[in-house]
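Shown next: run.cif, given as mmCIF, C-alpha atoms.
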```cif
data_final
#
loop_
_atom_site.label_atom_id
_atom_site.label_comp_id
_atom_site.auth_asym_id
_atom_site.auth_seq_id
_atom_site.Cartn_x
_atom_site.Cartn_y
_atom_site.Cartn_z
CA MET T 5 119.20 100.02 48.89
CA ALA T 6 116.12 98.73 50.70
CA SER T 7 113.17 101.06 50.91
CA PRO T 8 112.51 102.54 54.37
CA THR T 9 109.91 101.16 56.73
CA THR T 10 107.36 103.94 56.93
CA ILE T 11 104.54 104.80 59.32
CA GLN T 12 101.24 103.94 57.68
CA ASP T 13 98.80 104.55 60.52
CA VAL T 14 98.71 105.69 64.14
CA GLN T 15 95.87 104.28 66.22
CA THR T 16 94.83 105.14 69.76
CA ILE T 17 93.29 102.43 71.94
CA LEU T 18 91.44 103.51 75.06
CA THR T 19 90.46 100.90 77.63
CA GLN T 20 89.67 100.63 81.34
CA PRO T 21 89.89 97.01 82.51
CA ALA T 22 90.88 97.67 86.13
CA GLY T 23 89.81 101.12 87.33
CA CYS T 24 92.38 103.33 85.59
CA ARG T 25 91.81 104.69 82.08
CA LEU T 26 94.65 103.44 79.87
CA ILE T 27 95.89 104.88 76.56
CA VAL T 28 97.83 102.66 74.17
CA VAL T 29 99.27 103.85 70.85
CA LYS T 30 99.55 101.36 67.98
CA ILE T 31 101.74 102.28 65.01
CA LEU T 32 101.31 100.26 61.82
CA THR T 33 104.10 100.21 59.25
CA SER T 34 104.57 99.61 55.54
CA ARG T 35 105.80 96.10 56.34
CA PRO T 36 102.80 93.75 56.55
CA GLY T 37 102.13 92.61 60.10
CA LEU T 38 104.80 94.85 61.65
CA TYR T 39 103.46 97.22 64.30
CA GLY T 40 104.50 98.59 67.66
CA LEU T 41 102.77 99.52 70.90
CA GLY T 42 103.42 102.40 73.27
CA CYS T 43 101.95 103.76 76.50
CA ALA T 44 100.47 107.26 76.53
CA THR T 45 98.48 106.91 79.74
CA TYR T 46 97.46 110.14 81.44
CA THR T 47 94.44 108.68 83.15
CA GLN T 48 93.02 111.95 84.51
CA ARG T 49 93.03 113.69 81.09
CA PHE T 50 92.77 110.84 78.61
CA HIS T 51 90.56 112.74 76.16
CA ALA T 52 93.18 115.47 75.77
CA VAL T 53 95.94 112.94 75.02
CA HIS T 54 93.69 111.07 72.60
CA THR T 55 92.92 114.27 70.69
CA THR T 56 96.59 115.28 70.58
CA ILE T 57 97.55 111.96 69.03
CA GLU T 58 94.70 111.77 66.54
CA LYS T 59 94.53 115.41 65.44
CA HIS T 60 98.13 116.57 65.71
CA LEU T 61 100.73 113.79 65.92
CA LYS T 62 99.10 111.36 63.50
CA PRO T 63 99.07 113.78 60.52
CA PHE T 64 102.65 114.75 61.37
CA LEU T 65 103.84 111.10 61.40
CA ILE T 66 102.10 109.41 58.47
CA GLY T 67 104.60 108.47 55.76
CA ARG T 68 107.73 109.14 57.83
CA ASP T 69 110.58 106.68 58.32
CA ALA T 70 109.89 104.58 61.43
CA ASP T 71 113.61 104.03 61.99
CA ARG T 72 114.30 107.69 62.75
CA ILE T 73 113.20 107.57 66.38
CA GLU T 74 115.47 110.30 67.68
CA GLU T 75 114.58 112.72 64.90
CA LEU T 76 110.86 112.09 65.28
CA TRP T 77 111.07 112.59 69.04
CA GLN T 78 112.95 115.87 68.69
CA MET T 79 110.70 117.22 65.95
CA GLY T 80 107.51 116.00 67.61
CA MET T 81 108.43 117.75 70.84
CA VAL T 82 108.80 121.17 69.18
CA ASN T 83 106.36 120.88 66.27
CA GLY T 84 103.67 122.46 68.41
CA TYR T 85 106.15 125.16 69.49
CA TRP T 86 105.17 125.00 73.20
CA ARG T 87 106.42 121.82 74.88
CA ASN T 88 107.14 119.85 78.04
CA GLY T 89 103.58 119.50 79.30
CA PRO T 90 101.88 116.29 80.43
CA VAL T 91 99.41 116.04 77.53
CA LEU T 92 101.98 116.44 74.75
CA ASN T 93 104.62 114.41 76.57
CA ASN T 94 102.29 111.43 77.03
CA ALA T 95 101.17 111.59 73.40
CA ILE T 96 104.77 111.65 72.19
CA SER T 97 105.66 108.87 74.60
CA GLY T 98 103.08 106.54 73.06
CA VAL T 99 104.64 107.11 69.66
CA ASP T 100 108.20 106.85 70.96
CA MET T 101 107.66 103.52 72.74
CA ALA T 102 105.87 102.08 69.72
CA LEU T 103 108.78 103.03 67.45
CA TRP T 104 111.28 101.37 69.81
CA ASP T 105 109.03 98.29 69.86
CA ILE T 106 109.09 98.22 66.05
CA LYS T 107 112.86 98.65 65.83
CA ALA T 108 113.53 95.83 68.30
CA LYS T 109 111.06 93.57 66.48
CA ARG T 110 112.89 94.25 63.21
CA ALA T 111 116.15 93.36 64.93
CA GLY T 112 114.55 90.16 66.22
CA MET T 113 115.56 90.81 69.82
CA PRO T 114 114.10 92.09 73.10
CA LEU T 115 114.37 95.85 73.51
CA TYR T 116 116.86 95.62 76.38
CA GLN T 117 119.35 94.18 73.89
CA LEU T 118 119.19 97.36 71.79
CA LEU T 119 119.71 99.45 74.92
CA GLY T 120 122.96 97.61 75.64
CA GLY T 121 121.97 94.24 77.04
CA LYS T 122 121.13 92.97 80.50
CA CYS T 123 122.83 93.97 83.72
CA ARG T 124 120.55 91.57 85.67
CA GLU T 125 118.16 88.69 85.05
CA GLY T 126 115.18 90.13 86.91
CA ALA T 127 114.14 93.46 88.40
CA ALA T 128 113.36 93.69 92.13
CA VAL T 129 109.94 95.22 92.67
CA TYR T 130 108.15 96.91 95.53
CA VAL T 131 104.48 96.55 96.38
CA HIS T 132 102.09 98.57 98.52
CA ALA T 133 100.99 97.49 102.00
CA ASP T 134 98.17 99.65 103.36
CA GLY T 135 95.87 99.19 106.33
CA LYS T 136 93.36 100.90 108.55
CA ASP T 137 95.78 100.89 111.49
CA ARG T 138 99.40 100.07 112.19
CA ALA T 139 98.69 96.47 113.14
CA GLU T 140 96.96 95.79 109.81
CA VAL T 141 99.83 97.40 107.90
CA ALA T 142 102.33 95.15 109.70
CA GLU T 143 100.16 92.12 108.99
CA ASN T 144 100.05 92.97 105.28
CA VAL T 145 103.82 93.42 105.21
CA HIS T 146 104.19 89.91 106.65
CA LYS T 147 101.87 88.57 103.92
CA PHE T 148 103.94 90.16 101.17
CA ARG T 149 107.12 88.77 102.72
CA GLU T 150 105.62 85.30 102.54
CA GLN T 151 105.09 85.89 98.80
CA GLY T 152 108.77 86.68 98.36
CA TYR T 153 108.69 90.48 98.23
CA GLN T 154 111.70 92.14 99.85
CA HIS T 155 110.72 95.78 99.17
CA ILE T 156 107.38 96.93 100.59
CA ARG T 157 105.89 100.40 100.71
CA VAL T 158 103.90 101.08 103.88
CA GLN T 159 100.96 103.48 104.01
CA MET T 160 98.05 103.78 106.44
CA GLY T 161 94.67 104.96 105.27
CA GLY T 162 95.88 105.91 101.79
CA TYR T 163 97.77 109.02 100.78
CA GLY T 164 97.64 111.58 103.57
CA GLY T 165 96.06 109.06 105.95
CA ARG T 166 92.57 109.25 107.36
CA ALA T 167 92.27 112.11 109.78
CA ALA T 168 90.59 111.14 113.05
CA ARG T 169 89.77 114.74 113.91
CA LEU T 170 88.92 117.48 111.41
CA HIS T 171 88.03 120.83 112.93
CA LYS T 172 86.35 122.37 109.90
CA PRO T 173 84.75 125.83 109.69
CA ARG T 174 81.02 126.28 109.07
CA GLY T 175 80.10 125.80 105.42
CA ALA T 176 83.32 123.99 104.54
CA PRO T 177 82.94 122.50 101.03
CA GLU T 178 83.12 118.82 100.16
CA GLY T 179 86.49 117.38 99.30
CA ALA T 180 89.20 114.84 100.11
CA TYR T 181 90.26 116.22 103.48
CA TYR T 182 93.44 115.36 105.36
CA ALA T 183 95.32 116.85 108.30
CA PRO T 184 99.05 117.18 107.49
CA ARG T 185 100.34 117.46 111.07
CA GLU T 186 98.20 114.54 112.24
CA TYR T 187 99.43 112.59 109.22
CA CYS T 188 103.06 113.13 110.27
CA ARG T 189 102.46 111.88 113.80
CA ALA T 190 100.40 108.88 112.70
CA MET T 191 102.77 107.76 109.93
CA LEU T 192 105.87 108.01 112.10
CA ASP T 193 104.15 105.90 114.76
CA MET T 194 103.07 103.37 112.09
CA ILE T 195 106.53 103.09 110.55
CA GLU T 196 108.13 102.65 113.96
CA HIS T 197 105.63 99.89 114.78
CA VAL T 198 106.08 98.09 111.46
CA ARG T 199 109.86 98.20 111.67
CA ALA T 200 109.74 96.69 115.15
CA ALA T 201 107.24 94.05 114.01
CA VAL T 202 109.02 92.89 110.85
CA GLY T 203 112.65 93.39 111.81
CA PRO T 204 115.58 95.06 110.05
CA ASP T 205 115.81 92.87 106.94
CA VAL T 206 112.67 94.09 105.15
CA GLU T 207 113.24 97.08 102.87
CA LEU T 208 110.48 99.50 103.87
CA LEU T 209 109.43 102.51 101.79
CA HIS T 210 106.92 105.30 102.38
CA ASP T 211 105.25 107.84 100.05
CA ILE T 212 104.47 111.35 101.32
CA HIS T 213 102.91 112.01 97.90
CA GLU T 214 104.03 115.67 97.99
CA ARG T 215 101.34 116.53 100.56
CA LEU T 216 103.42 118.31 103.19
CA ARG T 217 104.69 121.83 103.42
CA PRO T 218 108.45 121.86 102.91
CA ILE T 219 109.37 122.50 106.54
CA ASP T 220 107.14 119.62 107.68
CA ALA T 221 108.61 117.33 105.00
CA ILE T 222 112.11 118.12 106.30
CA ALA T 223 111.03 117.32 109.85
CA PHE T 224 109.43 114.07 108.71
CA ALA T 225 112.53 112.98 106.78
CA LYS T 226 114.64 113.63 109.88
CA ALA T 227 112.25 111.86 112.24
CA VAL T 228 111.96 108.74 110.07
CA GLU T 229 115.72 108.33 109.67
CA PRO T 230 116.15 105.85 112.59
CA PHE T 231 113.76 103.38 110.91
CA ASN T 232 116.12 102.87 107.95
CA LEU T 233 113.77 103.32 104.99
CA PHE T 234 114.90 102.09 101.59
CA PHE T 235 113.59 105.46 100.43
CA LEU T 236 111.12 108.21 101.25
CA GLU T 237 109.06 108.90 98.15
CA ASP T 238 108.05 112.30 96.78
CA PRO T 239 108.52 114.36 99.96
CA LEU T 240 108.17 117.67 98.07
CA ALA T 241 106.16 119.02 95.16
CA PRO T 242 107.86 120.08 91.90
CA GLU T 243 107.26 123.68 92.93
CA ASP T 244 109.49 123.23 95.98
CA LEU T 245 112.66 121.81 94.42
CA GLU T 246 114.97 124.27 96.22
CA TRP T 247 114.03 122.68 99.55
CA PHE T 248 115.68 119.36 98.68
CA ARG T 249 119.01 120.81 99.70
CA ASN T 250 117.61 121.40 103.18
CA ILE T 251 116.55 117.76 103.45
CA ARG T 252 119.97 116.56 102.32
CA GLU T 253 121.73 118.81 104.84
CA GLN T 254 119.52 117.63 107.70
CA CYS T 255 119.46 113.82 107.39
CA ALA T 256 120.55 110.69 105.53
CA THR T 257 117.08 109.38 104.67
CA PRO T 258 117.23 108.24 101.00
CA ILE T 259 114.92 110.31 98.80
CA ALA T 260 113.05 109.27 95.64
CA MET T 261 111.44 111.91 93.45
CA GLY T 262 109.98 112.56 90.02
CA GLU T 263 106.43 111.22 89.63
CA LEU T 264 105.02 114.58 88.49
CA PHE T 265 108.03 115.76 86.50
CA ASN T 266 107.52 116.87 82.89
CA HIS T 267 110.48 119.11 82.14
CA PRO T 268 114.23 118.34 82.16
CA ARG T 269 114.77 121.43 84.28
CA GLU T 270 112.94 119.64 87.09
CA TRP T 271 115.15 116.57 87.35
CA THR T 272 118.47 117.95 86.08
CA PRO T 273 119.43 120.06 89.14
CA LEU T 274 118.40 117.35 91.58
CA ILE T 275 120.66 114.86 89.82
CA GLN T 276 123.60 117.20 89.25
CA ASP T 277 123.63 118.36 92.88
CA ARG T 278 123.03 114.82 94.22
CA LEU T 279 120.00 116.00 96.19
CA ILE T 280 118.01 112.79 95.64
CA ASP T 281 118.90 109.10 95.56
CA PHE T 282 116.33 107.65 93.14
CA ILE T 283 114.64 109.02 90.01
CA ARG T 284 111.09 107.77 89.64
CA MET T 285 109.52 109.56 86.74
CA HIS T 286 106.38 108.34 85.00
CA ILE T 287 108.14 107.57 81.73
CA SER T 288 105.17 108.47 79.53
CA GLN T 289 104.83 111.76 81.42
CA MET T 290 108.45 112.63 80.60
CA GLY T 291 108.08 111.74 76.91
CA GLY T 292 108.88 108.05 76.58
CA LEU T 293 111.79 105.65 76.35
CA THR T 294 114.09 108.06 74.54
CA PRO T 295 114.35 110.62 77.38
CA ALA T 296 114.13 107.92 80.08
CA ARG T 297 117.15 106.13 78.61
CA ASN T 298 119.07 109.41 78.52
CA VAL T 299 118.15 110.36 82.10
CA ALA T 300 119.08 106.93 83.45
CA ALA T 301 122.53 107.25 81.88
CA PHE T 302 122.85 110.82 83.18
CA ALA T 303 121.82 109.80 86.71
CA ASN T 304 124.32 106.94 86.64
CA MET T 305 127.14 109.48 86.35
CA TYR T 306 126.07 110.89 89.73
CA GLY T 307 125.43 107.62 91.56
CA ILE T 308 121.64 108.00 91.48
CA ARG T 309 119.45 104.95 90.90
CA THR T 310 116.20 104.37 89.02
CA ALA T 311 112.80 103.54 90.51
CA TRP T 312 110.38 104.26 87.65
CA HIS T 313 106.74 105.04 88.46
CA GLY T 314 104.69 101.85 88.15
CA PRO T 315 101.12 102.12 89.52
CA GLY T 316 97.88 100.94 87.92
CA ASP T 317 97.71 104.09 85.79
CA VAL T 318 100.76 102.98 83.86
CA SER T 319 99.49 100.56 81.22
CA PRO T 320 101.03 97.08 80.95
CA VAL T 321 102.82 98.41 77.86
CA GLY T 322 104.41 101.07 80.06
CA HIS T 323 105.33 98.45 82.67
CA ALA T 324 107.02 96.42 79.94
CA ALA T 325 109.01 99.51 78.94
CA ASN T 326 109.97 100.08 82.58
CA LEU T 327 111.21 96.49 82.80
CA HIS T 328 113.47 96.77 79.76
CA LEU T 329 115.05 99.89 81.26
CA ASP T 330 115.40 98.08 84.61
CA LEU T 331 117.19 95.11 83.09
CA TRP T 332 119.61 97.31 81.17
CA ALA T 333 120.39 100.20 83.54
CA PRO T 334 123.56 99.70 85.61
CA ASN T 335 122.07 102.10 88.17
CA PHE T 336 118.74 100.29 88.60
CA GLY T 337 117.35 100.50 92.13
CA VAL T 338 113.84 99.06 92.40
CA GLN T 339 110.63 98.96 90.35
CA GLU T 340 107.16 99.89 91.60
CA TRP T 341 104.63 97.15 90.84
CA CYS T 342 100.83 97.33 91.02
CA ARG T 343 99.96 93.60 90.74
CA PHE T 344 97.55 93.50 87.77
CA ASN T 345 94.56 91.16 87.87
CA ASP T 346 93.94 88.24 85.50
CA LEU T 347 91.75 90.32 83.17
CA VAL T 348 94.64 92.67 82.45
CA TYR T 349 96.90 89.72 81.62
CA ASP T 350 94.25 88.44 79.19
CA LEU T 351 93.85 91.86 77.63
CA PHE T 352 97.62 92.47 77.34
CA PRO T 353 99.33 89.15 76.48
CA GLY T 354 102.95 89.32 77.53
CA THR T 355 102.39 91.58 80.54
CA PRO T 356 105.49 91.18 82.75
CA GLU T 357 105.24 88.56 85.47
CA VAL T 358 106.61 88.73 89.00
CA HIS T 359 107.91 85.72 90.93
CA ASN T 360 109.38 85.82 94.41
CA GLY T 361 109.78 89.59 94.33
CA TYR T 362 111.43 89.85 90.89
CA MET T 363 109.92 90.92 87.56
CA TYR T 364 111.03 88.96 84.50
CA PRO T 365 110.85 89.57 80.73
CA ASN T 366 109.46 87.01 78.30
CA ASP T 367 112.34 87.53 75.83
CA GLN T 368 110.05 88.05 72.84
CA PRO T 369 111.22 90.61 70.27
CA GLY T 370 110.43 94.24 71.02
CA LEU T 371 108.66 95.11 74.24
CA GLY T 372 107.31 91.56 74.32
CA ILE T 373 103.71 92.62 74.82
CA ASP T 374 100.56 92.77 72.69
CA ILE T 375 96.95 93.89 73.11
CA ASN T 376 93.67 92.05 72.51
CA GLU T 377 91.76 94.88 70.87
CA ASP T 378 88.41 93.05 70.87
CA LEU T 379 88.67 92.50 74.62
CA ALA T 380 89.89 96.07 75.17
CA ALA T 381 86.79 97.39 73.41
CA ARG T 382 84.60 95.59 75.94
CA TYR T 383 86.01 97.82 78.68
CA PRO T 384 85.63 101.38 77.41
CA CYS T 385 86.91 104.35 79.37
CA THR T 386 84.37 106.12 81.55
CA ASP T 387 84.17 109.83 82.24
CA GLU T 388 84.27 111.13 85.79
CA VAL T 389 85.22 114.19 87.78
CA ILE T 390 88.28 113.05 89.75
CA GLN T 391 87.55 113.18 93.48
CA TRP T 392 90.80 112.20 95.19
CA THR T 393 92.65 115.18 93.73
CA GLN T 394 90.10 117.59 95.21
CA THR T 395 92.16 117.68 98.38
CA ARG T 396 91.63 120.12 101.22
CA ALA T 397 93.29 121.07 104.48
CA PRO T 398 91.22 120.99 107.72
CA ASP T 399 90.10 124.58 107.20
CA GLY T 400 88.73 123.71 103.75
CA GLY T 401 91.46 125.40 101.77
CA PRO T 402 92.62 123.58 98.62
CA VAL T 403 96.00 121.86 98.83
CA ARG T 404 98.12 119.72 96.52
CA PRO T 405 97.11 116.04 96.23
#
```

Represent the supplied structure as structure tokens.
Amino acid sequence: MASPTTIQDVQTILTQPAGCRLIVVKILTSRPGLYGLGCATYTQRFHAVHTTIEKHLKPFLIGRDADRIEELWQMGMVNGYWRNGPVLNNAISGVDMALWDIKAKRAGMPLYQLLGGKCREGAAVYVHADGKDRAEVAENVHKFREQGYQHIRVQMGGYGGRAARLHKPRGAPEGAYYAPREYCRAMLDMIEHVRAAVGPDVELLHDIHERLRPIDAIAFAKAVEPFNLFFLEDPLAPEDLEWFRNIREQCATPIAMGELFNHPREWTPLIQDRLIDFIRMHISQMGGLTPARNVAAFANMYGIRTAWHGPGDVSPVGHAANLHLDLWAPNFGVQEWCRFNDLVYDLFPGTPEVHNGYMYPNDQPGLGIDINEDLAARYPCTDEVIQWTQTRAPDGGPVRP
């Protein structure tokens, strides 16, 4: 009987080539030259994830059988007793993805083959069209259409918009201010304008980013229904899950949710009760490929599609993992895409490529992606106090970002 392939080392690579701090886990095995990569990116708290991997998971993993992915995931999740938080989940995700990468490399096939094979040749992606006013948003949508994109998310002035009038009290502190009611009026006007400008054939999306009170989110979902969105993204915060039933009872606007989810008890009731239409978790935030595969299969039973989180604070390794899930899942919907620059492609050889609105794999074994560690080291992560999450209402009170 052949000796097992064991974990010899767990390395954490931190790099920041394009604004967001990225965390990549590299697992080296007892087989010379065989290693795997995984994404553990929690860009706002990268030091905490790094420490969790190096000080807790690494000692736990050294010497264990790299083939036993399910066992290692289950034991890693409870080894610290408390579980289902973003720091631990991201750390475990980096390990989990790297182990799947290793297993598929040993099999000599792309990861999607181990998941069950392709259901499609490429994954449709959506991109983000922003602008200072509604005319600029419509212009940017036209530009993306010319590049072949069929799914386009429309925003105006970033998340929450840029308030034209803020009636703040004396001594109001600094912060990222926005006016929720003004946002609702401005975004509905923008979406109406863009739909009229680009016609019915473009699949438009919009992200509330969980910034509205539940009753205002319900009103927005109802008001935007005539403009036929492909989906309305993250209308409610995880703390307000019970309100999704109210949205469903009030309108037929498709709903996508899950970016901030950590715990199965957050997504399970929404899927079981068919209160959303797309799951869009950050797969490292939920613990990696193992739980993402399980949730995709679970959602398929209820007719709910996938739309995994895919911004710039998912590393290219995480985007590659998203793509393998997209190609396999029978209930794939659409994939968010951040359009990495050339430096990122140099730093991560094998980063998925998009042509005419579809993302394609390179069909190399495993995840099909590598990292240039020398180049990564030239772009170290920088420390900062995050500003955009210091959000405030017009009266200065703190609100969710």

Taking (112.5, 90.8, 70.9) in the file's coordinates, which residues come within 12 Å, counting all atoms listed in the file, written as a ChimeraX atom specification? /T:40,104-119,121,324,328,354,365-373

I'd like the neighbourhood of Val29 of chain T as a short mmCIF file (atom, residue, chain, number, x, y, z; two decimals) with C-alpha atoms, keeping the file's coordinate frame, where a residue qualifies if any of its atoms comes within 9 Å (using only C-alpha atoms), though same-chain residues fewer than 3 positions away should be ignored.
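Resulting contents of around-v3.cif:
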```cif
data_model
loop_
_atom_site.label_atom_id
_atom_site.label_comp_id
_atom_site.auth_asym_id
_atom_site.auth_seq_id
_atom_site.Cartn_x
_atom_site.Cartn_y
_atom_site.Cartn_z
CA VAL T 14 98.71 105.69 64.14
CA GLN T 15 95.87 104.28 66.22
CA THR T 16 94.83 105.14 69.76
CA ILE T 17 93.29 102.43 71.94
CA LEU T 18 91.44 103.51 75.06
CA GLY T 40 104.50 98.59 67.66
CA LEU T 41 102.77 99.52 70.90
CA GLY T 42 103.42 102.40 73.27
CA CYS T 43 101.95 103.76 76.50
CA ALA T 44 100.47 107.26 76.53
CA ILE T 57 97.55 111.96 69.03
CA ALA T 95 101.17 111.59 73.40
CA SER T 97 105.66 108.87 74.60
CA GLY T 98 103.08 106.54 73.06
CA VAL T 99 104.64 107.11 69.66
CA MET T 101 107.66 103.52 72.74
CA ALA T 102 105.87 102.08 69.72
#
```

Residue IDs satisfying the PyMOL selection byres ((chain T and resi 238) around 6), as JSON, numbers by chain: {"T": [212, 213, 214, 237, 239, 240, 260, 261]}

Would you list the contacts of Ile219 of chain T as a list in words, taking every protein, DNA or RNA residue within 9 Å and counting only C-alpha atoms, but skipping same-chain residues closer than 3 positions in sequence?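 Once the nearby chain positions are removed, what remains is Leu216, Ile222, Ala223, Phe224, Trp247 and Asn250 of chain T.
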
Counting only C-alpha atoms, the residue among T:Leu245, T:Leu76, T:Ala133, T:Val91 that lies closest to Ser288 of chain T is T:Val91

Using all atoms listed in the file, the residue out of T:Gly37, T:Gly161, T:Gly126, T:Pro90 with shortest distance to Leu264 of chain T is T:Pro90

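Between His359 of chain T and the residues T:Gly67, T:Pro268, T:Gly152, T:Gly120, the shortest atom-to-atom distance, using all atoms listed in the file, involves T:Gly152.
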
Of the candidates T:Gln48, T:Arg278, T:Met285, T:Ser319, which one gets nearest to Asn304 of chain T if we count only C-alpha atoms? T:Arg278
